[in-house]
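Notes to accompany the following structure.
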Amino acid sequence: MPSVYKSAKAQQEVRRWCLSRIDGWHVPHVHREVATSAGLTSVVTAGPELRGGAPAVVLLPGTNMNAALCLAVAEGLACEHPVVLLDLPGQPGLSSGRRPRAGRTAWYGRWLSEILALVVREPAVVVGHSLGGAVALACDSPLIAGRVLLSSAGVTRLRIPVPLLAATVPWLLRPSVPRAQELLRHMSAPGHVVPGHLSAWMHLVARHCRTSLAPPPLPSSLLEHRRTVRTLVVAGRFDPFLPPRTLGPAARRRLGSEFREIEGAGHLLLDEAPVEVSTVVQEFCAGMGG
């Protein structure tokens with residue numbers, strides 16, 4: 001299987017950056033690596049212990065993202081819930097960099113079933129952002145008690161506006177922090193200030209990694225089976241890839257799910273609206289018994 005990294009040195013640079021962020025996180029946490037059929041998987045846990053109280057929340061980052069970029073949301077959730085942050089295999093981060101050329105949807109679904117059984121072992125709410133949402137939908141594990149899908153791939157086809165595409169090409173061909181910042185600005189709501197660490201990270205990705213494309217919409221037959229588990233789909237009002245006017249109707253039609261819109265956010269919900277996302281997830285978890 002090909003690697004997301006351009007070289008062994010590139011992987012070391014990415015690992016160093018991620019470990020620095022996680023090691024410096026002020027919230028008490030444990031970081032470990034768990035062996036799976038998809039290679040080593042990085043697992044960061046925080047919050048109260050798993051003891052049959054509030055359901056655990058398992059967070060799946062999107063394309064080019066990882067646990068080190070999700071700490072603000074995790075901090076909010078960890079006040080009440082056990083939180084498990086997983087780095088997706090085949091994406092830049094601390095898990096294995098290998099990913100198959102074909103059949104990735106089924107591969108990710110099997111991986112998530114495996115890691116949930118190894119790490120969580122009891123029903124949990126899976127929160128997936130972008131690619132992470134498609135991975136959550138690809139998995140039929142009985143340990144998934146609910147899904148919160150943030151700007152989720154897999155439900156409908158992503159739009160790629162011309163200005164965003166125009167910012168992507170120079171970011172990939174001539175990586176720099178300003179070009180990364182410009183790309184992220186096009187992904188965000190108007191007026192959102194892109195944090196320095198996120199621009200630095202996307203510069204690192206362009207230099208050292210082979211970025212992957214978003215998955216196509218999942219088959220209707222698969223999504224039909226996912227209706228048995230309560231699902232909430234969430235989008236930022238200014239999401240350029242998955243605007244609410246597109247994602248909302250598709251989520252209701254294809255998943256029979258609830259839909260929420262977050263004001264003042266674009267595609268980068270975990271960065272732009274961590275408090276709002278934490279609140280939405282906590283409300284979803286509180287309603288699990290209803």
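Residues are named by chain letter and number: chains run A, B, ... in the order of the structure tokens, numbers start at 1 in each chain, and ligands are numbered from 1 in the order shown.
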All helix (DSSP H, G or I) positions in range 28-253 of chain A, as a PyMOL selection string: chain A and resi 67-69+71-77+104-119+131-138+162-173+177-187+196-208+220-228+244-253
I want to know what sits within 10 Å of Arg101 in chain A, based on only C-alpha atoms, with residues of the same chain fewer than 2 positions away left out; could you give that as a ChimeraX atom specification? /A:1-3,98-99,103-104
Mind dumping the selected residues with N, CA and C atoms as a JSON list (two decimals), in the first residue's frame?
[["chain", "number", "residue", "atom", "x", "y", "z"],
["A", 1, "MET", "N", 0.84, -1.20, 0.00],
["A", 1, "MET", "CA", 0.00, 0.00, 0.00],
["A", 1, "MET", "C", 0.88, 1.25, 0.00],
["A", 2, "PRO", "N", 0.50, 2.27, -0.77],
["A", 2, "PRO", "CA", 1.29, 3.51, -0.81],
["A", 2, "PRO", "C", 1.19, 4.27, 0.51],
["A", 3, "SER", "N", 2.16, 5.13, 0.74],
["A", 3, "SER", "CA", 2.20, 5.94, 1.96],
["A", 3, "SER", "C", 1.76, 7.36, 1.67],
["A", 98, "ARG", "N", 0.09, 4.26, 5.73],
["A", 98, "ARG", "CA", -0.29, 3.43, 4.59],
["A", 98, "ARG", "C", -1.80, 3.42, 4.37],
["A", 99, "ARG", "N", -2.20, 3.43, 3.09],
["A", 99, "ARG", "CA", -3.61, 3.35, 2.74],
["A", 99, "ARG", "C", -3.74, 2.64, 1.40],
["A", 103, "GLY", "N", -10.83, 0.66, -2.70],
["A", 103, "GLY", "CA", -11.62, 0.06, -1.62],
["A", 103, "GLY", "C", -11.41, 0.70, -0.27],
["A", 104, "ARG", "N", -11.12, 2.01, -0.23],
["A", 104, "ARG", "CA", -10.80, 2.65, 1.04],
["A", 104, "ARG", "C", -12.00, 2.75, 1.97]]
Contacts of Thr279 in chain A at 9 Å or less, counting only C-alpha atoms, minus same-chain residues fewer than 4 places along, as an NGL selection string? :A and (76-77 or 274-275 or 283-284)
Leaving out Pro89 in chain A and any residue of its chain fewer than 2 positions from it, which residues lie within 12 Å of it when counting only C-alpha atoms, given as a ChimeraX atom specification? /A:1-5,33-43,60-66,86-87,91-100,104,107-112,115,131-132,135
Which residues, written as a list in words, have at least one atom at most 10 Å from Val125 in chain A, with only C-alpha atoms counted and residues fewer than 2 positions away on the same chain left out?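 So the residues in contact are Pro55, Ala56, Val57, Val58, Leu59, Val83, Pro123, Val127, Gly128, Ala136, Leu143, Ile144, Ala145, Gly146, Arg147, Val148, Arg230, Thr231, Val281, Phe284, Cys285 and Met288 of chain A.
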Which is closer to Ala138 in chain A than all the others in A:Ala102, A:Val277, A:Val233, A:Leu223, using only C-alpha atoms?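 So, comparing all the options, the nearest one is A:Leu223.
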Write out as an NGL selection string all residues of range 55-176 of chain A that DSSP puts in strand (DSSP E or B) for this structure's backbone. :A and (56-60 or 83-86 or 98 or 124-129 or 144-150)
Nearest to Thr211 in chain A, restricted to only C-alpha atoms and choosing among A:Leu172, A:Ala106, A:Thr246, A:Leu165, comes out as A:Leu172
Find the residues around Glu258 in chain A up to 12 Å (only C-alpha atoms counted), leave out those fewer than 3 positions away in its own chain, and share them as a compact mmCIF listing (two decimals) with N, CA and C atoms, in the first residue's frame.
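As written to disk, selection14.txt reads:
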# COMPACT_ATOMS: atom_id res chain seq x y z
N GLY A 146 -24.55 6.28 18.22
CA GLY A 146 -25.02 7.48 17.55
C GLY A 146 -23.90 8.09 16.75
N ARG A 147 -24.26 8.91 15.76
CA ARG A 147 -23.26 9.57 14.92
C ARG A 147 -23.57 11.06 14.84
N VAL A 148 -22.54 11.88 15.01
CA VAL A 148 -22.63 13.31 14.73
C VAL A 148 -21.65 13.57 13.60
N LEU A 149 -22.17 13.99 12.46
CA LEU A 149 -21.36 14.13 11.25
C LEU A 149 -21.20 15.62 10.93
N ARG A 227 -29.65 4.06 8.87
CA ARG A 227 -30.81 4.73 9.46
C ARG A 227 -31.20 4.15 10.81
N VAL A 229 -29.40 3.78 13.35
CA VAL A 229 -28.69 4.47 14.43
C VAL A 229 -28.95 5.96 14.31
N ARG A 230 -29.29 6.60 15.41
CA ARG A 230 -29.58 8.04 15.38
C ARG A 230 -28.37 8.82 14.87
N THR A 231 -28.65 9.75 13.96
CA THR A 231 -27.58 10.52 13.33
C THR A 231 -27.97 11.99 13.28
N LEU A 232 -27.00 12.84 13.55
CA LEU A 232 -27.15 14.28 13.39
C LEU A 232 -26.08 14.77 12.42
N VAL A 233 -26.50 15.48 11.39
CA VAL A 233 -25.57 16.07 10.43
C VAL A 233 -25.50 17.57 10.68
N VAL A 234 -24.29 18.10 10.69
CA VAL A 234 -24.07 19.51 11.03
C VAL A 234 -23.22 20.15 9.93
N ALA A 235 -23.53 21.39 9.58
CA ALA A 235 -22.72 22.12 8.61
C ALA A 235 -22.58 23.57 9.05
N LEU A 247 -26.23 20.08 1.72
CA LEU A 247 -26.02 18.96 2.65
C LEU A 247 -27.27 18.65 3.45
N GLY A 248 -28.02 19.67 3.87
CA GLY A 248 -29.20 19.44 4.69
C GLY A 248 -30.23 18.54 4.01
N PRO A 249 -30.70 18.91 2.81
CA PRO A 249 -31.67 18.04 2.12
C PRO A 249 -31.12 16.65 1.83
N ALA A 250 -29.84 16.56 1.47
CA ALA A 250 -29.25 15.25 1.18
C ALA A 250 -29.22 14.38 2.44
N ALA A 251 -28.90 14.98 3.58
CA ALA A 251 -28.86 14.22 4.84
C ALA A 251 -30.24 13.70 5.22
N ARG A 252 -31.25 14.54 5.05
CA ARG A 252 -32.61 14.11 5.39
C ARG A 252 -33.09 13.03 4.43
N ARG A 253 -32.80 13.22 3.15
CA ARG A 253 -33.28 12.28 2.14
C ARG A 253 -32.55 10.94 2.19
N ARG A 254 -31.23 10.98 2.30
CA ARG A 254 -30.43 9.76 2.17
C ARG A 254 -30.21 9.05 3.50
N LEU A 255 -30.25 9.81 4.61
CA LEU A 255 -30.00 9.20 5.93
C LEU A 255 -31.20 9.27 6.86
N GLU A 261 -27.41 23.69 11.52
CA GLU A 261 -26.50 24.65 10.88
C GLU A 261 -25.83 25.49 11.96
N VAL A 280 -23.25 21.07 20.66
CA VAL A 280 -24.12 20.24 19.82
C VAL A 280 -23.94 18.76 20.16
N PHE A 284 -26.64 16.20 21.87
CA PHE A 284 -26.96 14.94 21.18
C PHE A 284 -26.82 13.78 22.15
Excluding His186 in chain A and residues on its chain fewer than 4 positions from it, collect all residues at most 12 Å away from it, counting only C-alpha atoms, and give them as a ChimeraX atom specification. /A:160-168,179-182,190-194,238-241,265-268
